[in-house]
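What follows is protein-v1.pdb (PDB, C-alpha atoms).
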```pdb
ATOM      1  CA  MET Z 109      20.105   2.464   0.412
ATOM      2  CA  PRO Z 110      17.355  -0.149  -0.104
ATOM      3  CA  ARG Z 111      15.233   0.688  -3.174
ATOM      4  CA  ARG Z 112      12.032   0.678  -1.125
ATOM      5  CA  TRP Z 113      13.304   3.647   0.917
ATOM      6  CA  ILE Z 114      13.717   5.967  -2.086
ATOM      7  CA  PRO Z 115      10.073   7.227  -2.253
ATOM      8  CA  ASN Z 116      10.046   7.818   1.536
ATOM      9  CA  VAL Z 117      13.265   9.840   1.331
ATOM     10  CA  LEU Z 118      11.558  12.032  -1.301
ATOM     11  CA  THR Z 119       8.553  12.440   1.031
ATOM     12  CA  VAL Z 120      10.873  13.432   3.895
ATOM     13  CA  ILE Z 121      12.462  16.067   1.597
ATOM     14  CA  ASN Z 122       8.931  17.372   0.859
ATOM     15  CA  LEU Z 123       8.231  17.605   4.624
ATOM     16  CA  PHE Z 124      11.625  19.153   5.324
ATOM     17  CA  ALA Z 125      11.013  21.847   2.659
ATOM     18  CA  GLY Z 126       7.616  22.637   4.194
ATOM     19  CA  LEU Z 127       9.087  22.930   7.681
ATOM     20  CA  VAL Z 128      11.872  25.265   6.532
ATOM     21  CA  ALA Z 129       9.258  27.332   4.627
ATOM     22  CA  ILE Z 130       7.416  27.823   7.942
ATOM     23  CA  LEU Z 131      10.597  28.850   9.774
ATOM     24  CA  LEU Z 132      11.710  31.167   6.940
ATOM     25  CA  SER Z 133       8.423  33.018   7.012
ATOM     26  CA  PHE Z 134       9.290  34.040  10.608
ATOM     27  CA  VAL Z 135      12.200  36.030   9.183
ATOM     28  CA  GLN Z 136      10.100  37.327   6.295
ATOM     29  CA  GLN Z 137      12.010  35.385   3.638
ATOM     30  CA  TRP Z 138       8.806  35.171   1.622
ATOM     31  CA  GLU Z 139      10.328  34.404  -1.795
ATOM     32  CA  LEU Z 140      12.330  31.480  -0.456
ATOM     33  CA  ALA Z 141       9.419  30.235   1.672
ATOM     34  CA  VAL Z 142       7.024  30.200  -1.326
ATOM     35  CA  ALA Z 143       9.736  28.650  -3.529
ATOM     36  CA  LEU Z 144      10.189  25.861  -0.942
ATOM     37  CA  ILE Z 145       6.443  25.107  -1.059
ATOM     38  CA  PHE Z 146       6.794  24.618  -4.822
ATOM     39  CA  GLY Z 147       9.911  22.523  -4.208
ATOM     40  CA  ALA Z 148       7.887  20.407  -1.779
ATOM     41  CA  ALA Z 149       5.201  20.029  -4.485
ATOM     42  CA  LEU Z 150       7.851  18.802  -6.927
ATOM     43  CA  PHE Z 151       9.092  16.122  -4.514
ATOM     44  CA  ASP Z 152       5.492  15.245  -3.645
ATOM     45  CA  SER Z 153       4.710  14.641  -7.315
ATOM     46  CA  LEU Z 154       7.795  12.403  -7.597
ATOM     47  CA  ASP Z 155       7.443  10.114  -4.562
ATOM     48  CA  GLY Z 156       4.262   8.317  -5.633
ATOM     49  CA  ARG Z 157       5.362   7.977  -9.257
ATOM     50  CA  ILE Z 158       8.779   6.587  -8.315
ATOM     51  CA  ALA Z 159       7.218   4.217  -5.761
ATOM     52  CA  ARG Z 160       4.937   2.830  -8.501
ATOM     53  CA  ARG Z 161       7.770   2.704 -11.056
ATOM     54  CA  LEU Z 162      10.006   0.785  -8.591
ATOM     55  CA  ASN Z 163       7.046  -1.329  -7.492
ATOM     56  CA  VAL Z 164       7.649  -0.385  -3.834
ATOM     57  CA  THR Z 165       4.359   1.351  -2.961
ATOM     58  CA  SER Z 166       3.489   0.872   0.710
ATOM     59  CA  GLU Z 167       0.844   1.824   3.239
ATOM     60  CA  PHE Z 168       3.652   3.384   5.312
ATOM     61  CA  GLY Z 169       4.570   5.606   2.348
ATOM     62  CA  LYS Z 170       0.945   6.677   1.854
ATOM     63  CA  GLN Z 171       0.640   7.630   5.534
ATOM     64  CA  LEU Z 172       3.937   9.540   5.544
ATOM     65  CA  ASP Z 173       2.913  11.353   2.358
ATOM     66  CA  SER Z 174      -0.320  12.672   3.882
ATOM     67  CA  LEU Z 175       1.486  13.807   7.044
ATOM     68  CA  ALA Z 176       4.070  15.684   4.941
ATOM     69  CA  ASP Z 177       1.343  17.198   2.729
ATOM     70  CA  LEU Z 178      -0.482  18.682   5.726
ATOM     71  CA  VAL Z 179       2.676  20.516   6.805
ATOM     72  CA  SER Z 180       3.981  21.609   3.378
ATOM     73  CA  PHE Z 181       0.649  22.498   1.732
ATOM     74  CA  GLY Z 182      -1.523  23.210   4.780
ATOM     75  CA  VAL Z 183       0.474  24.688   7.656
ATOM     76  CA  ALA Z 184       3.201  26.435   5.591
ATOM     77  CA  PRO Z 185       0.832  28.342   3.208
ATOM     78  CA  ALA Z 186      -1.457  29.223   6.147
ATOM     79  CA  THR Z 187       1.512  30.575   8.124
ATOM     80  CA  ILE Z 188       2.696  32.689   5.188
ATOM     81  CA  THR Z 189      -0.850  33.981   4.601
ATOM     82  CA  TYR Z 190      -1.319  34.768   8.289
ATOM     83  CA  LEU Z 191       1.906  36.764   8.468
ATOM     84  CA  LEU Z 192       1.457  38.587   5.147
ATOM     85  CA  VAL Z 193      -2.279  39.261   5.288
ATOM     86  CA  PHE Z 194      -4.011  38.515   8.613
ATOM     87  CA  ALA Z 195      -1.343  39.460  11.187
ATOM     88  CA  HIS Z 196      -3.223  42.609  12.134
ATOM     89  CA  SER Z 197      -6.686  41.040  12.216
ATOM     90  CA  GLY Z 198      -6.517  39.916  15.873
ATOM     91  CA  TRP Z 199      -8.175  36.610  16.726
ATOM     92  CA  ASN Z 200     -10.071  36.659  13.400
ATOM     93  CA  GLY Z 201      -6.655  36.257  11.770
ATOM     94  CA  TYR Z 202      -5.759  33.194  13.845
ATOM     95  CA  VAL Z 203      -9.126  31.581  13.139
ATOM     96  CA  LEU Z 204      -8.985  32.311   9.395
ATOM     97  CA  ALA Z 205      -5.414  31.044   9.047
ATOM     98  CA  ALA Z 206      -6.237  27.881  11.037
ATOM     99  CA  ILE Z 207      -9.348  27.037   8.958
ATOM    100  CA  PHE Z 208      -7.210  26.187   5.910
ATOM    101  CA  PRO Z 209      -5.026  23.432   7.468
ATOM    102  CA  VAL Z 210      -8.008  22.122   9.467
ATOM    103  CA  CYS Z 211      -9.941  21.604   6.204
ATOM    104  CA  GLY Z 212      -6.769  20.174   4.659
ATOM    105  CA  ALA Z 213      -6.472  17.636   7.504
ATOM    106  CA  LEU Z 214     -10.139  16.648   7.132
ATOM    107  CA  ARG Z 215      -9.581  16.087   3.407
ATOM    108  CA  LEU Z 216      -6.367  14.096   3.929
ATOM    109  CA  ALA Z 217      -8.018  11.879   6.574
ATOM    110  CA  ARG Z 218     -10.911  11.194   4.152
ATOM    111  CA  PHE Z 219      -8.444  10.540   1.307
ATOM    112  CA  ASN Z 220      -6.448   8.066   3.431
ATOM    113  CA  ILE Z 221      -9.489   5.879   4.049
ATOM    114  CA  SER Z 222     -10.962   6.128   0.551
ATOM    115  CA  SER Z 223     -10.339   3.676  -2.249
ATOM    116  CA  VAL Z 224     -11.694   5.762  -5.143
ATOM    117  CA  LYS Z 225      -9.566   5.456  -8.299
ATOM    118  CA  GLY Z 226      -9.210   7.779 -11.295
ATOM    119  CA  TYR Z 227     -10.223  11.026  -9.626
ATOM    120  CA  TYR Z 228      -9.938  12.944  -6.346
ATOM    121  CA  ILE Z 229     -12.876  13.848  -4.125
ATOM    122  CA  GLY Z 230     -12.423  17.506  -3.223
ATOM    123  CA  LEU Z 231      -9.604  19.809  -4.321
ATOM    124  CA  PRO Z 232      -6.277  18.206  -3.288
ATOM    125  CA  ILE Z 233      -4.354  20.128  -0.613
ATOM    126  CA  THR Z 234      -1.306  19.812  -2.893
ATOM    127  CA  VAL Z 235      -3.092  22.156  -5.335
ATOM    128  CA  ALA Z 236      -4.855  24.408  -2.808
ATOM    129  CA  GLY Z 237      -1.690  25.056  -0.729
ATOM    130  CA  PRO Z 238       0.515  26.490  -3.498
ATOM    131  CA  ILE Z 239      -2.457  28.591  -4.770
ATOM    132  CA  LEU Z 240      -2.968  30.068  -1.282
ATOM    133  CA  ALA Z 241       0.751  30.801  -0.840
ATOM    134  CA  CYS Z 242       0.896  32.529  -4.264
ATOM    135  CA  SER Z 243      -2.292  34.480  -3.596
ATOM    136  CA  ALA Z 244      -0.842  35.817  -0.323
ATOM    137  CA  PHE Z 245       2.574  36.535  -1.818
ATOM    138  CA  PHE Z 246       1.718  38.029  -5.221
ATOM    139  CA  ALA Z 247      -1.488  39.830  -4.345
ATOM    140  CA  GLN Z 248      -0.581  41.586  -1.104
ATOM    141  CA  THR Z 249      -2.349  44.692  -2.362
ATOM    142  CA  MET Z 250      -5.706  42.865  -2.435
ATOM    143  CA  SER Z 251      -7.969  43.643   0.490
ATOM    144  CA  VAL Z 252      -7.955  41.379   3.550
ATOM    145  CA  THR Z 253     -11.584  40.510   2.752
ATOM    146  CA  VAL Z 254     -10.732  39.231  -0.750
ATOM    147  CA  GLN Z 255      -7.796  37.190   0.616
ATOM    148  CA  ALA Z 256     -10.061  35.768   3.325
ATOM    149  CA  LEU Z 257     -12.594  34.810   0.629
ATOM    150  CA  ILE Z 258      -9.897  33.045  -1.429
ATOM    151  CA  LEU Z 259      -8.793  31.121   1.690
ATOM    152  CA  LEU Z 260     -12.364  30.149   2.548
ATOM    153  CA  ILE Z 261     -13.198  29.064  -1.033
ATOM    154  CA  LEU Z 262     -10.051  26.900  -1.229
ATOM    155  CA  SER Z 263     -10.827  25.419   2.213
ATOM    156  CA  GLY Z 264     -14.425  24.682   1.177
ATOM    157  CA  LEU Z 265     -13.293  23.070  -2.100
ATOM    158  CA  MET Z 266     -10.925  20.757  -0.186
ATOM    159  CA  ILE Z 267     -13.674  19.346   2.022
ATOM    160  CA  SER Z 268     -16.276  19.373  -0.775
ATOM    161  CA  THR Z 269     -17.249  16.283  -2.757
ATOM    162  CA  VAL Z 270     -16.296  17.907  -6.077
ATOM    163  CA  LYS Z 271     -14.709  15.328  -8.393
ATOM    164  CA  VAL Z 272     -11.251  16.454  -9.539
ATOM    165  CA  PRO Z 273      -9.629  14.407 -12.344
ATOM    166  CA  LYS Z 274      -6.165  13.014 -11.596
ATOM    167  CA  MET Z 275      -3.407  14.490 -13.781
TER     168      MET Z 275
ATOM    169  CA  MET Q1243     -24.570  17.150  16.241
ATOM    170  CA  PRO Q1244     -24.358  13.417  15.499
ATOM    171  CA  ARG Q1245     -22.642  11.532  18.364
ATOM    172  CA  ARG Q1246     -20.034  10.073  16.022
ATOM    173  CA  TRP Q1247     -18.733  13.580  15.242
ATOM    174  CA  ILE Q1248     -17.871  14.408  18.881
ATOM    175  CA  PRO Q1249     -14.372  12.783  18.954
ATOM    176  CA  ASN Q1250     -13.461  14.404  15.625
ATOM    177  CA  VAL Q1251     -14.514  17.832  16.919
ATOM    178  CA  LEU Q1252     -12.144  17.282  19.878
ATOM    179  CA  THR Q1253      -9.363  16.342  17.429
ATOM    180  CA  VAL Q1254     -10.024  19.491  15.388
ATOM    181  CA  ILE Q1255      -9.740  21.541  18.620
ATOM    182  CA  ASN Q1256      -6.374  19.816  19.274
ATOM    183  CA  LEU Q1257      -5.199  20.767  15.741
ATOM    184  CA  PHE Q1258      -6.577  24.299  16.050
ATOM    185  CA  ALA Q1259      -4.684  24.794  19.358
ATOM    186  CA  GLY Q1260      -1.460  23.566  17.735
ATOM    187  CA  LEU Q1261      -1.885  25.904  14.766
ATOM    188  CA  VAL Q1262      -2.533  28.938  16.979
ATOM    189  CA  ALA Q1263       0.520  27.947  19.103
ATOM    190  CA  ILE Q1264       2.638  28.155  15.918
ATOM    191  CA  LEU Q1265       1.222  31.559  14.970
ATOM    192  CA  LEU Q1266       1.578  32.915  18.540
ATOM    193  CA  SER Q1267       5.236  31.994  18.624
ATOM    194  CA  PHE Q1268       5.749  34.436  15.737
ATOM    195  CA  VAL Q1269       4.751  37.236  18.112
ATOM    196  CA  GLN Q1270       6.778  35.743  20.964
ATOM    197  CA  GLN Q1271       3.737  34.835  23.045
ATOM    198  CA  TRP Q1272       5.686  31.881  24.442
ATOM    199  CA  GLU Q1273       3.594  31.271  27.581
ATOM    200  CA  LEU Q1274       0.348  31.083  25.622
ATOM    201  CA  ALA Q1275       1.934  29.024  22.844
ATOM    202  CA  VAL Q1276       3.282  26.415  25.312
ATOM    203  CA  ALA Q1277      -0.035  26.451  27.210
ATOM    204  CA  LEU Q1278      -1.878  25.740  23.931
ATOM    205  CA  ILE Q1279       0.349  22.702  23.289
ATOM    206  CA  PHE Q1280      -0.727  21.369  26.692
ATOM    207  CA  GLY Q1281      -4.328  22.256  25.839
ATOM    208  CA  ALA Q1282      -3.933  20.293  22.596
ATOM    209  CA  ALA Q1283      -2.569  17.348  24.642
ATOM    210  CA  LEU Q1284      -5.647  17.491  26.870
ATOM    211  CA  PHE Q1285      -8.032  17.323  23.898
ATOM    212  CA  ASP Q1286      -5.859  14.629  22.316
ATOM    213  CA  SER Q1287      -6.167  12.488  25.439
ATOM    214  CA  LEU Q1288      -9.946  12.953  25.378
ATOM    215  CA  ASP Q1289     -10.822  12.191  21.742
ATOM    216  CA  GLY Q1290      -9.826   8.525  21.730
ATOM    217  CA  ARG Q1291     -11.322   7.824  25.149
ATOM    218  CA  ILE Q1292     -14.633   9.494  24.257
ATOM    219  CA  ALA Q1293     -14.734   7.689  20.879
ATOM    220  CA  ARG Q1294     -14.344   4.335  22.685
ATOM    221  CA  ARG Q1295     -16.849   5.299  25.413
ATOM    222  CA  LEU Q1296     -19.440   6.323  22.773
ATOM    223  CA  ASN Q1297     -18.515   3.300  20.635
ATOM    224  CA  VAL Q1298     -17.870   5.540  17.624
ATOM    225  CA  THR Q1299     -14.182   4.803  16.929
ATOM    226  CA  SER Q1300     -13.388   5.115  13.226
ATOM    227  CA  GLU Q1301     -10.465   4.827  10.820
ATOM    228  CA  PHE Q1302     -11.226   8.442   9.779
ATOM    229  CA  GLY Q1303     -10.809   9.548  13.408
ATOM    230  CA  LYS Q1304      -7.488   7.694  13.741
ATOM    231  CA  GLN Q1305      -6.158   9.350  10.578
ATOM    232  CA  LEU Q1306      -7.309  12.817  11.639
ATOM    233  CA  ASP Q1307      -5.759  12.287  15.078
ATOM    234  CA  SER Q1308      -2.304  11.525  13.659
ATOM    235  CA  LEU Q1309      -2.463  14.529  11.327
ATOM    236  CA  ALA Q1310      -3.392  16.808  14.255
ATOM    237  CA  ASP Q1311      -0.671  15.277  16.457
ATOM    238  CA  LEU Q1312       2.058  16.039  13.909
ATOM    239  CA  VAL Q1313       1.101  19.729  13.930
ATOM    240  CA  SER Q1314       0.420  20.197  17.667
ATOM    241  CA  PHE Q1315       3.241  18.028  19.060
ATOM    242  CA  GLY Q1316       5.707  18.063  16.168
ATOM    243  CA  VAL Q1317       5.606  21.339  14.232
ATOM    244  CA  ALA Q1318       4.501  23.638  17.094
ATOM    245  CA  PRO Q1319       7.187  22.541  19.630
ATOM    246  CA  ALA Q1320       9.848  22.587  16.879
ATOM    247  CA  THR Q1321       8.826  26.116  15.873
ATOM    248  CA  ILE Q1322       8.973  27.347  19.475
ATOM    249  CA  THR Q1323      12.365  25.648  19.989
ATOM    250  CA  TYR Q1324      13.722  27.085  16.747
ATOM    251  CA  LEU Q1325      12.706  30.623  17.651
ATOM    252  CA  LEU Q1326      13.815  30.448  21.305
ATOM    253  CA  VAL Q1327      17.019  28.461  20.901
ATOM    254  CA  PHE Q1328      18.236  27.906  17.325
ATOM    255  CA  ALA Q1329      17.235  31.160  15.583
ATOM    256  CA  HIS Q1330      20.853  32.329  15.491
ATOM    257  CA  SER Q1331      22.347  29.003  14.443
ATOM    258  CA  GLY Q1332      21.954  29.577  10.687
ATOM    259  CA  TRP Q1333      21.083  26.538   8.566
ATOM    260  CA  ASN Q1334      22.067  24.212  11.434
ATOM    261  CA  GLY Q1335      19.086  25.677  13.285
ATOM    262  CA  TYR Q1336      16.653  24.911  10.449
ATOM    263  CA  VAL Q1337      17.955  21.366  10.111
ATOM    264  CA  LEU Q1338      17.855  20.709  13.885
ATOM    265  CA  ALA Q1339      14.335  22.119  14.257
ATOM    266  CA  ALA Q1340      13.093  20.111  11.247
ATOM    267  CA  ILE Q1341      14.544  16.792  12.491
ATOM    268  CA  PHE Q1342      12.011  16.634  15.330
ATOM    269  CA  PRO Q1343       8.768  16.766  13.255
ATOM    270  CA  VAL Q1344      10.354  14.573  10.554
ATOM    271  CA  CYS Q1345      10.998  11.854  13.184
ATOM    272  CA  GLY Q1346       7.514  12.501  14.573
ATOM    273  CA  ALA Q1347       5.981  11.948  11.110
ATOM    274  CA  LEU Q1348       7.965   8.715  10.637
ATOM    275  CA  ARG Q1349       6.687   7.494  14.003
ATOM    276  CA  LEU Q1350       3.077   8.467  13.285
ATOM    277  CA  ALA Q1351       3.160   6.762   9.866
ATOM    278  CA  ARG Q1352       4.511   3.584  11.536
ATOM    279  CA  PHE Q1353       1.876   3.839  14.277
ATOM    280  CA  ASN Q1354      -0.944   4.224  11.737
ATOM    281  CA  ILE Q1355      -0.102   0.930  10.030
ATOM    282  CA  SER Q1356       0.697  -1.050  13.198
ATOM    283  CA  SER Q1357      -1.768  -3.196  15.074
ATOM    284  CA  VAL Q1358       0.229  -3.654  18.300
ATOM    285  CA  LYS Q1359      -1.966  -3.504  21.425
ATOM    286  CA  GLY Q1360      -1.066  -2.717  25.040
ATOM    287  CA  TYR Q1361       2.066  -0.653  24.421
ATOM    288  CA  TYR Q1362       3.570   1.901  22.025
ATOM    289  CA  ILE Q1363       6.621   1.281  19.863
ATOM    290  CA  GLY Q1364       8.855   4.345  20.303
ATOM    291  CA  LEU Q1365       8.169   7.394  22.459
ATOM    292  CA  PRO Q1366       4.793   8.882  21.398
ATOM    293  CA  ILE Q1367       5.004  12.340  19.800
ATOM    294  CA  THR Q1368       2.257  13.401  22.220
ATOM    295  CA  VAL Q1369       4.825  12.960  25.044
ATOM    296  CA  ALA Q1370       7.943  14.122  23.200
ATOM    297  CA  GLY Q1371       6.330  17.358  21.897
ATOM    298  CA  PRO Q1372       5.303  18.868  25.254
ATOM    299  CA  ILE Q1373       8.717  17.869  26.747
ATOM    300  CA  LEU Q1374      10.533  19.665  23.906
ATOM    301  CA  ALA Q1375       8.348  22.778  24.224
ATOM    302  CA  CYS Q1376       8.944  22.905  28.018
ATOM    303  CA  SER Q1377      12.659  22.315  27.613
ATOM    304  CA  ALA Q1378      12.939  25.254  25.199
ATOM    305  CA  PHE Q1379      10.701  27.517  27.283
ATOM    306  CA  PHE Q1380      11.858  26.808  30.854
ATOM    307  CA  ALA Q1381      15.537  26.173  30.195
ATOM    308  CA  GLN Q1382      16.458  29.022  27.874
ATOM    309  CA  THR Q1383      19.685  29.497  29.867
ATOM    310  CA  MET Q1384      20.910  26.025  28.873
ATOM    311  CA  SER Q1385      23.455  26.004  26.081
ATOM    312  CA  VAL Q1386      22.341  25.507  22.488
ATOM    313  CA  THR Q1387      24.328  22.251  22.470
ATOM    314  CA  VAL Q1388      22.383  20.810  25.414
ATOM    315  CA  GLN Q1389      19.069  21.848  23.851
ATOM    316  CA  ALA Q1390      20.132  20.283  20.552
ATOM    317  CA  LEU Q1391      20.997  17.064  22.412
ATOM    318  CA  ILE Q1392      17.575  17.008  24.108
ATOM    319  CA  LEU Q1393      15.896  17.471  20.713
ATOM    320  CA  LEU Q1394      17.984  14.736  19.098
ATOM    321  CA  ILE Q1395      17.406  12.272  21.982
ATOM    322  CA  LEU Q1396      13.618  12.863  21.871
ATOM    323  CA  SER Q1397      13.665  12.490  18.058
ATOM    324  CA  GLY Q1398      15.667   9.261  18.320
ATOM    325  CA  LEU Q1399      13.337   7.856  20.972
ATOM    326  CA  MET Q1400      10.313   8.514  18.744
ATOM    327  CA  ILE Q1401      11.680   6.465  15.833
ATOM    328  CA  SER Q1402      13.238   3.831  18.126
ATOM    329  CA  THR Q1403      11.647   0.459  18.805
ATOM    330  CA  VAL Q1404      11.588   1.062  22.591
ATOM    331  CA  LYS Q1405       8.393  -0.351  24.096
ATOM    332  CA  VAL Q1406       6.444   2.319  25.998
ATOM    333  CA  PRO Q1407       3.518   1.093  28.147
ATOM    334  CA  LYS Q1408       0.142   2.729  27.440
ATOM    335  CA  MET Q1409      -1.190   4.837  30.336
TER     336      MET Q1409
END
```

I need this file expressed as structure tokens, please.
Amino acid sequence: MPRRWIPNVLTVINLFAGLVAILLSFVQQWELAVALIFGAALFDSLDGRIARRLNVTSEFGKQLDSLADLVSFGVAPATITYLLVFAHSGWNGYVLAAIFPVCGALRLARFNISSVKGYYIGLPITVAGPILACSAFFAQTMSVTVQALILLILSGLMISTVKVPKM
Amino acid sequence: MPRRWIPNVLTVINLFAGLVAILLSFVQQWELAVALIFGAALFDSLDGRIARRLNVTSEFGKQLDSLADLVSFGVAPATITYLLVFAHSGWNGYVLAAIFPVCGALRLARFNISSVKGYYIGLPITVAGPILACSAFFAQTMSVTVQALILLILSGLMISTVKVPKM
């Protein structure tokens, strides 16, 4: 396998994990679905680093990374949260669950065209997604209102202009 | 609302429709889910045209469009196909369903960095997605093998270098 493909293979594994997390939540395999989101986060943290280490960073890789991130840290956590928390909230539930990945997509689109170095503008979806999935999974006893507030705060932080230092 | 926001609002409606299609497939609302994918396709066909007509095309809009397309025409059709066709195929089902959006993401990433005019390279996900959703919905009596072949052919066409004329 050419060396320049390695980071993209890691990104595809991230996307694949996110997709399976979505499908597993249909059969209420919550533990595995949440674990796969964290697995996706692990591969997401590796692809960029390895690309830089191997000196094979590419615009293609950056684009693929954002597409994978929207699925693994936007759609998958929103699906899990919808099914665990908002499934009985009618159309309010659909709207609430959809707000999170919509804000994630807006943030990723802004990130893709920005050239700011040293910090992120707005909470990264790679942080917000795992927090949302954990909040839905570990705090199912919290009221729907509190869970909705957590989702809305995370969504707002993603599209905000808050400066978040890079780790 | 500033004029330059109008295309992006249409793209957000496309994404929102795709997200609700995913959530509706969890409650087996197949007709509405497939209809929403076609609704997403309608808004997707409008955003670019309106951006050009209003002379407000932007790199942000292009990025947001690809992110929305992956969800509405990649993840949503794959979810519907998984639930209708591959749900009893064990891990083969997860892998098959995931191949389609993975190929869609590879195609979108390639599209985002290309500057080819006049035609598309590879079948657009905006065409492949609605075909896959219809194939799963209208041809549920077809064997799992035939459905898997349709999915694999569409996935292959997306990442191929076939020239597809722009409509």

May I ask for the distance between CA of Ile1392 in chain Q and CA of Gln1271 in chain Q, given in Å to one decimal place? 22.6 Å

Selection dump of the ChimeraX specification (/Q :<8) & /Z, as a PyMOL selection string: chain Z and resi 120+123-124+127-128+131+134+167-169+171-172+174-176+178-179+183+187+190+202+206+210+213-214+216-218+220-221

Pairwise distance, CA of Leu154 in chain Z with CA of Phe246 in chain Z, equals 26.4 Å

Taking the file as shown, find all residues satisfying the PyMOL selection byres ((chain Q and resi 1293) around 12) and write them as an mmCIF file with C-alpha atoms, in the frame of the given file.
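Final output, selection_1.cif:
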```cif
data_model
loop_
_atom_site.group_PDB
_atom_site.id
_atom_site.type_symbol
_atom_site.label_atom_id
_atom_site.label_comp_id
_atom_site.auth_asym_id
_atom_site.auth_seq_id
_atom_site.Cartn_x
_atom_site.Cartn_y
_atom_site.Cartn_z
ATOM 1 C CA ARG Q 1245 -22.642 11.532 18.364
ATOM 2 C CA ARG Q 1246 -20.034 10.073 16.022
ATOM 3 C CA TRP Q 1247 -18.733 13.580 15.242
ATOM 4 C CA ILE Q 1248 -17.871 14.408 18.881
ATOM 5 C CA PRO Q 1249 -14.372 12.783 18.954
ATOM 6 C CA ASN Q 1250 -13.461 14.404 15.625
ATOM 7 C CA VAL Q 1251 -14.514 17.832 16.919
ATOM 8 C CA LEU Q 1252 -12.144 17.282 19.878
ATOM 9 C CA THR Q 1253 -9.363 16.342 17.429
ATOM 10 C CA ASP Q 1286 -5.859 14.629 22.316
ATOM 11 C CA SER Q 1287 -6.167 12.488 25.439
ATOM 12 C CA LEU Q 1288 -9.946 12.953 25.378
ATOM 13 C CA ASP Q 1289 -10.822 12.191 21.742
ATOM 14 C CA GLY Q 1290 -9.826 8.525 21.730
ATOM 15 C CA ARG Q 1291 -11.322 7.824 25.149
ATOM 16 C CA ILE Q 1292 -14.633 9.494 24.257
ATOM 17 C CA ARG Q 1294 -14.344 4.335 22.685
ATOM 18 C CA ARG Q 1295 -16.849 5.299 25.413
ATOM 19 C CA LEU Q 1296 -19.440 6.323 22.773
ATOM 20 C CA ASN Q 1297 -18.515 3.300 20.635
ATOM 21 C CA VAL Q 1298 -17.870 5.540 17.624
ATOM 22 C CA THR Q 1299 -14.182 4.803 16.929
ATOM 23 C CA SER Q 1300 -13.388 5.115 13.226
ATOM 24 C CA GLU Q 1301 -10.465 4.827 10.820
ATOM 25 C CA PHE Q 1302 -11.226 8.442 9.779
ATOM 26 C CA GLY Q 1303 -10.809 9.548 13.408
ATOM 27 C CA LYS Q 1304 -7.488 7.694 13.741
ATOM 28 C CA ASP Q 1307 -5.759 12.287 15.078
#
```

So which residues get picked by the PyMOL selection byres ((chain Z and resi 225) around 12) here, written as JSON, numbers by chain? {"Z": [219, 222, 223, 224, 226, 227, 228, 229, 271, 272, 273, 274]}

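Between CA of Met1409 in chain Q and CA of Gly1364 in chain Q lies a distance of 14.2 Å.
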
Which residues, protein or nucleic acid, reach to within 7 Å of (9.9, 6.7, 23.2) in the file's coordinates when using only C-alpha atoms, and can you give that as a PyMOL selection string? chain Q and resi 1364-1366+1399-1400+1402+1404+1406

I'd like the box whose edges run along x, y and z of the file and which contains every listed atom of range 234-252 of chain Z, padded by 4 Å per side; could you state its centre and edge lengths in Å, one decimal, as JSON?
```
{"center_x": -2.7, "center_y": 32.3, "center_z": -0.9, "size_x": 18.5, "size_y": 32.9, "size_z": 16.9}
```

If we count all atoms listed in the file, what is near Ala1390 in chain Q at a cut-off of 10 Å, once residues fewer than 2 positions away on the same chain are taken out, given as a PDB file with C-alpha atoms, in the coordinates of the input?
```pdb
ATOM      1  CA  THR Q1323      12.365  25.648  19.989  1.00  0.00           C
ATOM      2  CA  VAL Q1327      17.019  28.461  20.901  1.00  0.00           C
ATOM      3  CA  PHE Q1328      18.236  27.906  17.325  1.00  0.00           C
ATOM      4  CA  GLY Q1335      19.086  25.677  13.285  1.00  0.00           C
ATOM      5  CA  LEU Q1338      17.855  20.709  13.885  1.00  0.00           C
ATOM      6  CA  ALA Q1339      14.335  22.119  14.257  1.00  0.00           C
ATOM      7  CA  ALA Q1378      12.939  25.254  25.199  1.00  0.00           C
ATOM      8  CA  SER Q1385      23.455  26.004  26.081  1.00  0.00           C
ATOM      9  CA  VAL Q1386      22.341  25.507  22.488  1.00  0.00           C
ATOM     10  CA  THR Q1387      24.328  22.251  22.470  1.00  0.00           C
ATOM     11  CA  VAL Q1388      22.383  20.810  25.414  1.00  0.00           C
ATOM     12  CA  ILE Q1392      17.575  17.008  24.108  1.00  0.00           C
ATOM     13  CA  LEU Q1393      15.896  17.471  20.713  1.00  0.00           C
ATOM     14  CA  LEU Q1394      17.984  14.736  19.098  1.00  0.00           C
ATOM     15  CA  ILE Q1395      17.406  12.272  21.982  1.00  0.00           C
ATOM     16  CA  LEU Q1396      13.618  12.863  21.871  1.00  0.00           C
TER      17      LEU Q1396
END
```

Give me, as an NGL selection string, all polymer residues having an atom no more than 12 Å from Cys242 in chain Z, counting only C-alpha atoms and skipping those fewer than 4 positions away in the same chain. :Z and (138-139 or 141-146 or 181 or 184-186 or 188-189 or 192 or 235-238 or 246-248 or 255 or 258-259)
